[in-house]
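One structure is given here, and the rest of the page talks about it.
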Amino acid sequence: MKKSLKTSFVASLAAFVLLGFAMAPAAEAARGGGGGARAAGGGGGGGASRQVNNSSRDARANNVRNTSVNNVNSSRNVSRDVNIDRDVNIDVDVDHGHGGWDHDYHPVATAAVIAGTAALIGSIVYSIPPSCVPINYGGMIYQQCGSTWYQPQGAQYIVVNPPY
Amino acid sequence: MIPKKLAPALALLALSLAIPSVYAQTAPAATVQPTGNAVDPASIEALKNMGAHLQTLKRFQVSTELTGERVLADGQKLQHTAAADLNVYRPNKLRARMHSSRSEREIIYDGKHATLYTPAQKYYSTVEFTGDLGELIVKLEEKYAVQMPLADMFLWGTPAASFDKIESAMNAGQDYIDDDLCDHYAFRQANIDWQIWITTGSKPLPRKLVITNRSDEARPQSVSLMEWNLKPTFKDSVFKFTPPKGATAVELHSTDKK
């Protein structure tokens, strides 16, 4: 999937506007436990009761160009597109970069840093608009809200590139 | 250009380097000998034996703890951990639970339906499927980009796990994993180097798997430790998924669609 800078920028801008619009009412709804806010819920395997909070995590930690693989007999071992041409086209080939069962971090790598929108992809929000549609892609739940995609992380959501 | 002052020193250095190499040539070539066969047949045989033994296990539990790595844009690496527990009843029943600080997910297969479930949000996706566990694993990965934890454990010993691609195989000696004495083997194929620790003896079980991804110069590596319970007490009902109250069906995106 190829994305030109221009469309990314427009999409990000749209997301920015959407976010700004959605934040306040959704946050309120979350407190009330109703409305459109969805409880992202946490991982917390093994009955851990403490919620993971990633709001302090540096955005660079999401800028993933490659990952380890977990299985020998995997069709996904073969090639991963790690060539990111930062100047012109951003090759968002996450389809094949999203293989291992432990990759519950969405690779937002390819988002690179686009002037003025850097905070967007990879940024954390506490709630999402009520119109979002959940989709299971690669075993992970995403929330698609128009052109903006979110992935639940602990009790928050991270803004990610479209997974496909 | 070599400065004149340095030339004698360099000549001396060259001489001192030459002496051991002359010595090495004349010394008996006992210690370092290139092996005739890069693929040690006994190491491949060990994999085959392990695969055959895995296929004989009908009802078992296996759990794994995995440490994986992500390579950031500048080559710096971050480690993360995840765990999975699997209840298995061959040929066609499985329940896998994957958990980490980021998420908790389940894959449930009763021989007719495969369900992906996210308990935190009560989202589930069910697809119809008939086939054994090896076929399920291949299909989930190919069609839905969903990878089963410990997928190799179900593919070794089947045609889906070909050893033909192995370019190098060697026995790396013995080692303990917990209290189990294991044979340690190392392999290279395509973009990966991998190592496996298999319990010694007539019932070989994999206890540790390390995979190094060579497609990136940072060589991200995964380490999986495995625990086996061959006398499990789970009931068959664990393989049946009934959506809990308030659960929502969610589309499972097929990679066929773009």
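In the structure tokens, chains take the letters A, B, ... in the order shown, each chain's residues start at 1, and ligands count up from 1 in the order shown.
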
### Task
Counting only C-alpha atoms, collect the residues of chain B whose closest atom lies at most 7 Å from chain A, and write them out as a ChimeraX atom specification.
/B:68-73,82,99-104,116,120-121,144-152,161,191,211-213,220-222,250-253,258

### Message
Please identify the strand (DSSP E or B) residues within stretch 39-253 of chain B (assignment by DSSP from backbone atoms) and present them as a ChimeraX atom specification.
### Response
/B:39,59-72,77-89,93-99,104-109,113-118,123-128,168-177,180-189,192-199,206-213,221-229,248-249,251-252

### Query
Residues at most 6 Å from A:Tyr150, counting only C-alpha atoms, excluding those fewer than 6 positions away in the same chain, as a ChimeraX atom specification?
/A:142-143,157-160

Could the residues in this selection be written to a file with all heavy atoms, as an mmCIF file, in the first residue's frame?
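As written to disk, result_8.cif reads:
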data_model
loop_
_atom_site.group_PDB
_atom_site.id
_atom_site.type_symbol
_atom_site.label_atom_id
_atom_site.label_comp_id
_atom_site.auth_asym_id
_atom_site.auth_seq_id
_atom_site.Cartn_x
_atom_site.Cartn_y
_atom_site.Cartn_z
ATOM 1 N N TYR A 142 -8.837 -3.394 15.924
ATOM 2 C CA TYR A 142 -8.632 -1.982 15.595
ATOM 3 C C TYR A 142 -9.985 -1.301 15.600
ATOM 4 O O TYR A 142 -11.009 -1.939 15.423
ATOM 5 C CB TYR A 142 -8.019 -1.825 14.196
ATOM 6 C CG TYR A 142 -6.615 -2.359 14.093
ATOM 7 C CD1 TYR A 142 -6.390 -3.702 13.811
ATOM 8 C CD2 TYR A 142 -5.523 -1.524 14.280
ATOM 9 C CE1 TYR A 142 -5.102 -4.205 13.731
ATOM 10 C CE2 TYR A 142 -4.234 -2.017 14.193
ATOM 11 C CZ TYR A 142 -4.026 -3.354 13.916
ATOM 12 O OH TYR A 142 -2.751 -3.835 13.836
ATOM 13 N N GLN A 143 -9.952 -0.004 15.782
ATOM 14 C CA GLN A 143 -11.163 0.786 15.649
ATOM 15 C C GLN A 143 -10.960 1.718 14.461
ATOM 16 O O GLN A 143 -10.034 2.529 14.459
ATOM 17 C CB GLN A 143 -11.415 1.610 16.923
ATOM 18 C CG GLN A 143 -11.733 0.764 18.155
ATOM 19 C CD GLN A 143 -13.191 0.313 18.202
ATOM 20 O OE1 GLN A 143 -14.011 0.704 17.352
ATOM 21 N NE2 GLN A 143 -13.527 -0.511 19.177
ATOM 22 N N TYR A 157 -5.951 4.382 23.693
ATOM 23 C CA TYR A 157 -5.883 4.028 22.282
ATOM 24 C C TYR A 157 -4.697 4.741 21.675
ATOM 25 O O TYR A 157 -4.399 5.879 22.031
ATOM 26 C CB TYR A 157 -7.131 4.487 21.527
ATOM 27 C CG TYR A 157 -8.397 3.808 21.977
ATOM 28 C CD1 TYR A 157 -9.150 4.329 23.024
ATOM 29 C CD2 TYR A 157 -8.847 2.656 21.343
ATOM 30 C CE1 TYR A 157 -10.312 3.715 23.443
ATOM 31 C CE2 TYR A 157 -10.011 2.038 21.747
ATOM 32 C CZ TYR A 157 -10.742 2.566 22.786
ATOM 33 O OH TYR A 157 -11.894 1.954 23.196
ATOM 34 N N ILE A 158 -4.056 4.057 20.743
ATOM 35 C CA ILE A 158 -2.971 4.695 20.034
ATOM 36 C C ILE A 158 -3.420 4.891 18.591
ATOM 37 O O ILE A 158 -4.084 4.032 18.012
ATOM 38 C CB ILE A 158 -1.673 3.863 20.124
ATOM 39 C CG1 ILE A 158 -0.525 4.567 19.427
ATOM 40 C CG2 ILE A 158 -1.848 2.457 19.568
ATOM 41 C CD1 ILE A 158 0.822 3.965 19.750
ATOM 42 N N VAL A 159 -3.098 6.066 18.062
ATOM 43 C CA VAL A 159 -3.450 6.364 16.686
ATOM 44 C C VAL A 159 -2.425 5.682 15.774
ATOM 45 O O VAL A 159 -1.221 5.875 15.954
ATOM 46 C CB VAL A 159 -3.445 7.889 16.427
ATOM 47 C CG1 VAL A 159 -3.858 8.194 14.987
ATOM 48 C CG2 VAL A 159 -4.351 8.594 17.423
ATOM 49 N N VAL A 160 -2.909 4.847 14.866
ATOM 50 C CA VAL A 160 -1.988 4.065 14.037
ATOM 51 C C VAL A 160 -2.269 4.295 12.547
ATOM 52 O O VAL A 160 -3.312 4.822 12.165
ATOM 53 C CB VAL A 160 -2.119 2.542 14.342
ATOM 54 C CG1 VAL A 160 -1.725 2.265 15.781
ATOM 55 C CG2 VAL A 160 -3.519 2.032 14.054
#

#### Entry: Contact residues around B:Thr118 with only C-alpha atoms at 8 Å, ignoring same-chain residues under 4 positions, as a ChimeraX atom specification
/A:141 /B:104-106,122-124
